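The structure under discussion appears below in the form of structure tokens.
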Amino acid sequence: MSGLRTLLYKEVLRFWKVSFQTVAAPVLTALLYLLIFAHVLESRIEINGLGYTAFLVPGLVMMSVLQNAFANSSSSLIQAKVTGSIIFVLLPPLSYAEFYLAYVAAAVLRGLMVGLGVLAVTGWFASLEFAAPAWIVVFAMIGGGIMGSLGMIAGIWADKFDQLAAFQNFLIMPLTMLSGVFYSIHSLPPFWQEVSHFNPVFYMIDGFRYGFFGVSDVSPAVSLGITSASFLVVGLATLALLRKGYKLRY
Amino acid sequence: MGVAVSIQQITKTFGNLKALDRVCLEIAEGEFFGLLGPNGAGKTTLISCLAGLVRPDSGQLRVMGFDVQDAYREARRLLGIVPQELVFDPFFTVRETLRIQSGYFGIRKNDDWIDEILDNLDLTAKADTNMRRLSGGMKRRVLVAQALVHKPPVIVLDEPTAGVDVELRQGLWQFVRRLNSEGHTVILTTHYLEEAETLCGRVAMLKHGSVVALDSTRNLLDRYSGHTLSLRLVNGDDLPLSIRERASLSGGYLNFHLASYDEVEPLLAAIRQSGGAVEDMRMTEADLEDVFIDVMRGRNAGQGEVAQ
């Protein structure tokens, strides 16, 4: 167990030492989104009986959790690979499962820290309820776990920083931005509503928002089922890559 | 003494390149073993196979009896590797790096041993310095320290003295020799052949992924090169015909490769009998570099070039 604990500690220390960049910066970004969108749309839009700012805050929090979980595991792995320091975690007797758990847990932790930061600075702008707090925690953890795993896959797959950036810009960003952070999918034309239902991030955001207001586009149980299944698939895929030693052991 | 490292029929191909071709080696506990070969011979690939960083196409590797694939946890716990590349994690100080590395091996509260390693590698003053701020030689020392945090019975050093100043090299070898005398098995690859000659009890030479020589350092030196007797005759004197074919000429000296000192007197006697006189004479011991060159060229050092 100690190997896992040390790797987790190392991964947390890694982002914590540069927390201005890894925690404070994304909190500021989320705050800017809030200020701009809330300023423009607060008086014009109401969703599910909520003011726009109140609707937006949980979405921004969850988006920050997801993006930072992805950023943490992916950047840690690509940096270690490019600089060669990955060898320090490949030589010790760490199992594939320990390797996976440490990276994903650190990613979730970073996601939660940023999410809490975003909640702390944006929560002032809306009257938030915490209708079902357990759902908030569960969706944040599972969402962070999925993105942390995807970050591992991207970090293992990418040989260069630009490949990782492509993964982030062309897959992760569209999935999160088009997931209902900024709008309810009920406001979309039927075709795009249908398409949104194939985006697992939609269910993470929707379920997470349910935890705050007790209302959602789809039932939170359905969202939980779909996100859990996604986590299982992505997690097993990551473990399979690690077991195979894909791009880590030749 | 048991077997520390067993390498059986290891083959590894990268694309069209056969990096290792049925390599077999057995290294006993407590040995100081040298792995020599030119660039691209397969030394680092072989070490990477041992470390589990590269998976061989076929064959078996064991560390202290544990298969490096099937029993990788035990095997890796028994192995300390100093990689050839100068790598470091820029986020941490030297002490943090060593504590973290200890933790990966399941060792907590390792500071006594860490302090001892730091002291032996002359790193104590740099313990709280960030890795980024260290010179190349200092980073190399930390790599050595990282490989030793878990007191591995088998230590592999992949060209540890490349780019390291003379003082550190001496200090490093003193430390490694001490570890060896305390029972640690040491495997060394190096380009500095004189290092292998003074340190290693046994040497394997690799060429194009195959072992082309494997013996005790002493035997290799004796078998391949023996001694060289260099003579300069008084002006005008000729070598007698009987020995002319054995000599090679370089820098005004006639060089004779001898298997043993017993051959010296008959040579001199032959010169005297033909009326020649020796003006200057020197004996040189073969060094591993001669052996290395001979083995890599695929010829025996005994076959000197014929004097023209």
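Quick note on naming: the chains in the structure tokens go A, B, ... in the order shown, residues restart at 1 in each chain, and ligands are numbered from 1 in order of appearance.
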Residues of segment 130-282 of chain B classed as alpha helix (DSSP H) by DSSP on the backbone are to be reported as a PyMOL selection string. chain B and resi 136-148+166-181+193-199+217-220+241-244+264-273
Residues within 10 Å of Lys151 of chain B, please, as a PyMOL selection string. Count only C-alpha atoms; anything in the same chain fewer than 5 positions from it doesn't count. chain B and resi 77-80+102+113+179+184
Secondary structure check, strand (DSSP E or B) residues of segment 72-267 of chain B, as a VMD selection string: chain B and resid 79 to 82 93 130 154 to 158 185 to 189 202 to 207 210 to 216 227 to 233 248 to 250 253 to 258
Identify all chain A residues at most 12 Å from chain B by counting only C-alpha atoms; ligands do not count. Present them as a ChimeraX atom specification. /A:1-18,76-77,79-96,98-99,102,243-250
Next, the residues of the selection above should be written as a short mmCIF file (atom, residue, chain, number, x, y, z; two decimals), in the first residue's frame with C-alpha atoms.
```cif
data_model
loop_
_atom_site.label_atom_id
_atom_site.label_comp_id
_atom_site.auth_asym_id
_atom_site.auth_seq_id
_atom_site.Cartn_x
_atom_site.Cartn_y
_atom_site.Cartn_z
CA MET A 1 0.00 0.00 0.00
CA SER A 2 2.84 2.34 0.73
CA GLY A 3 3.92 2.54 -2.90
CA LEU A 4 0.45 3.69 -3.90
CA ARG A 5 0.34 6.22 -1.08
CA THR A 6 3.70 7.63 -2.05
CA LEU A 7 2.79 7.95 -5.72
CA LEU A 8 -0.44 9.69 -4.74
CA TYR A 9 1.48 12.00 -2.41
CA LYS A 10 3.99 12.77 -5.16
CA GLU A 11 1.23 13.53 -7.67
CA VAL A 12 -0.56 15.85 -5.24
CA LEU A 13 2.68 17.57 -4.24
CA ARG A 14 3.48 18.04 -7.93
CA PHE A 15 0.39 20.14 -8.64
CA TRP A 16 0.31 21.72 -5.20
CA LYS A 17 3.81 23.16 -5.64
CA VAL A 18 2.53 25.08 -8.65
CA SER A 76 1.87 14.78 -15.32
CA LEU A 77 2.31 11.76 -17.59
CA GLN A 79 5.88 15.71 -18.78
CA ALA A 80 7.33 12.61 -17.16
CA LYS A 81 7.50 10.88 -20.53
CA VAL A 82 9.07 13.80 -22.38
CA THR A 83 11.66 14.48 -19.66
CA GLY A 84 12.30 10.78 -19.07
CA SER A 85 11.52 10.98 -15.36
CA ILE A 86 8.72 8.45 -15.95
CA ILE A 87 11.45 5.88 -15.30
CA PHE A 88 11.28 6.65 -11.58
CA VAL A 89 7.75 5.25 -11.39
CA LEU A 90 8.40 2.41 -13.83
CA LEU A 91 11.38 0.92 -11.99
CA PRO A 92 9.76 0.43 -8.53
CA PRO A 93 7.52 -2.52 -7.70
CA LEU A 94 4.24 -0.64 -8.26
CA SER A 95 1.39 -2.68 -9.68
CA TYR A 96 -0.74 -1.49 -12.61
CA GLU A 98 -1.61 1.13 -7.84
CA PHE A 99 -0.29 3.20 -10.71
CA ALA A 102 -2.65 7.04 -7.62
CA ARG A 243 -1.13 -3.83 -18.06
CA LYS A 244 -0.01 -4.04 -21.67
CA GLY A 245 2.63 -1.40 -21.00
CA TYR A 246 1.38 0.54 -24.03
CA LYS A 247 3.94 3.26 -24.86
CA LEU A 248 5.44 2.88 -21.39
CA ARG A 249 7.22 -0.45 -21.55
CA TYR A 250 8.52 -1.52 -24.94
#
```
From the options B:Val149, B:Val166, B:Cys200, B:Leu229, which residue's atoms come nearest to Asp215 of chain B, counting only C-alpha atoms?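 Of B:Val149, B:Val166, B:Cys200, B:Leu229, the one nearest Asp215 of chain B, counting only C-alpha atoms, is B:Cys200.
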Pick out the residues sitting within 8 Å of segment 2-10 of chain B, and hand them over as an NGL selection string; count only C-alpha atoms, and ignore anything fewer than 2 positions along from it in its own chain. :B and (12 or 20-30 or 56-65 or 154 or 185)
Requested write-out: C-alpha atoms of the selected residues, as a PDB file, in the first residue's frame:
```pdb
ATOM      1  CA  LYS B  12      14.545  -8.476 -28.668  1.00  0.00           C
ATOM      2  CA  LEU B  20      19.495  -8.617 -28.650  1.00  0.00           C
ATOM      3  CA  ASP B  21      20.111 -12.024 -30.136  1.00  0.00           C
ATOM      4  CA  ARG B  22      19.823 -15.015 -27.794  1.00  0.00           C
ATOM      5  CA  VAL B  23      21.880 -13.414 -25.048  1.00  0.00           C
ATOM      6  CA  CYS B  24      22.797 -15.696 -22.164  1.00  0.00           C
ATOM      7  CA  LEU B  25      24.608 -14.513 -19.054  1.00  0.00           C
ATOM      8  CA  GLU B  26      24.753 -15.640 -15.471  1.00  0.00           C
ATOM      9  CA  ILE B  27      26.077 -13.306 -12.822  1.00  0.00           C
ATOM     10  CA  ALA B  28      26.834 -14.657  -9.374  1.00  0.00           C
ATOM     11  CA  GLU B  29      25.977 -12.968  -6.101  1.00  0.00           C
ATOM     12  CA  GLY B  30      28.703 -10.603  -5.015  1.00  0.00           C
ATOM     13  CA  PRO B  56      11.963  -9.291 -24.606  1.00  0.00           C
ATOM     14  CA  ASP B  57      10.455 -11.236 -27.516  1.00  0.00           C
ATOM     15  CA  SER B  58      11.686 -14.461 -25.996  1.00  0.00           C
ATOM     16  CA  GLY B  59      13.889 -15.754 -23.224  1.00  0.00           C
ATOM     17  CA  GLN B  60      13.881 -15.402 -19.481  1.00  0.00           C
ATOM     18  CA  LEU B  61      15.417 -12.993 -16.990  1.00  0.00           C
ATOM     19  CA  ARG B  62      15.636 -13.575 -13.278  1.00  0.00           C
ATOM     20  CA  VAL B  63      16.892 -11.410 -10.451  1.00  0.00           C
ATOM     21  CA  MET B  64      17.847 -13.451  -7.374  1.00  0.00           C
ATOM     22  CA  GLY B  65      15.623 -16.197  -8.754  1.00  0.00           C
ATOM     23  CA  VAL B 154      21.812  -6.101  -7.235  1.00  0.00           C
ATOM     24  CA  THR B 185      26.273  -7.562  -6.817  1.00  0.00           C
TER      25      THR B 185
END
```
Glu285 of chain B environment, 12 Å, only C-alpha atoms, sequence neighbours closer than 3 positions dropped, as a list of chain:residue names: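 In the requested form, the answer reads B:Arg218, B:Leu221, B:Asp222, B:Tyr224, B:Ser225, B:Gly226, B:His227, B:Thr228, B:Leu229, B:Ser230, B:Phe256, B:His257, B:Leu258, B:Ala259, B:Ser260, B:Tyr261, B:Arg282, B:Leu288, B:Glu289, B:Asp290, B:Val291.
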Who sits within 12 Å of Phe198 of chain A, only C-alpha atoms, same chain under 6 positions skipped, as a PyMOL selection string: chain A and resi 175+178-179+191-192+223+226-227+230
List as a PyMOL selection string the protein and nucleic acid residues near segment 131-138 of chain A, meaning an atom at most 10 Å away when only C-alpha atoms are counted, but skip any in the same chain fewer than 4 places from it. chain A and resi 58+62+112+142-144+204-205+207-215+220-221+224+228
Ser19 of chain A environment, 12 Å, only C-alpha atoms, sequence neighbours closer than 4 positions dropped, as a ChimeraX atom specification: /A:12-15,23-27,68,72,110,113-114,117
Atom-to-atom span, atom CA of Met131 of chain B and atom CA of Thr93 of chain B, Å: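 These two atoms are separated by 5.4 Å.
Atom to atom, atom CA of Asp294 of chain B and atom CA of Asp158 of chain B stand 23.2 Å apart.
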Could you state the separation of atom CA of Thr45 of chain B and atom CA of Ile187 of chain B in Å, given to one decimal place? 14.0 Å
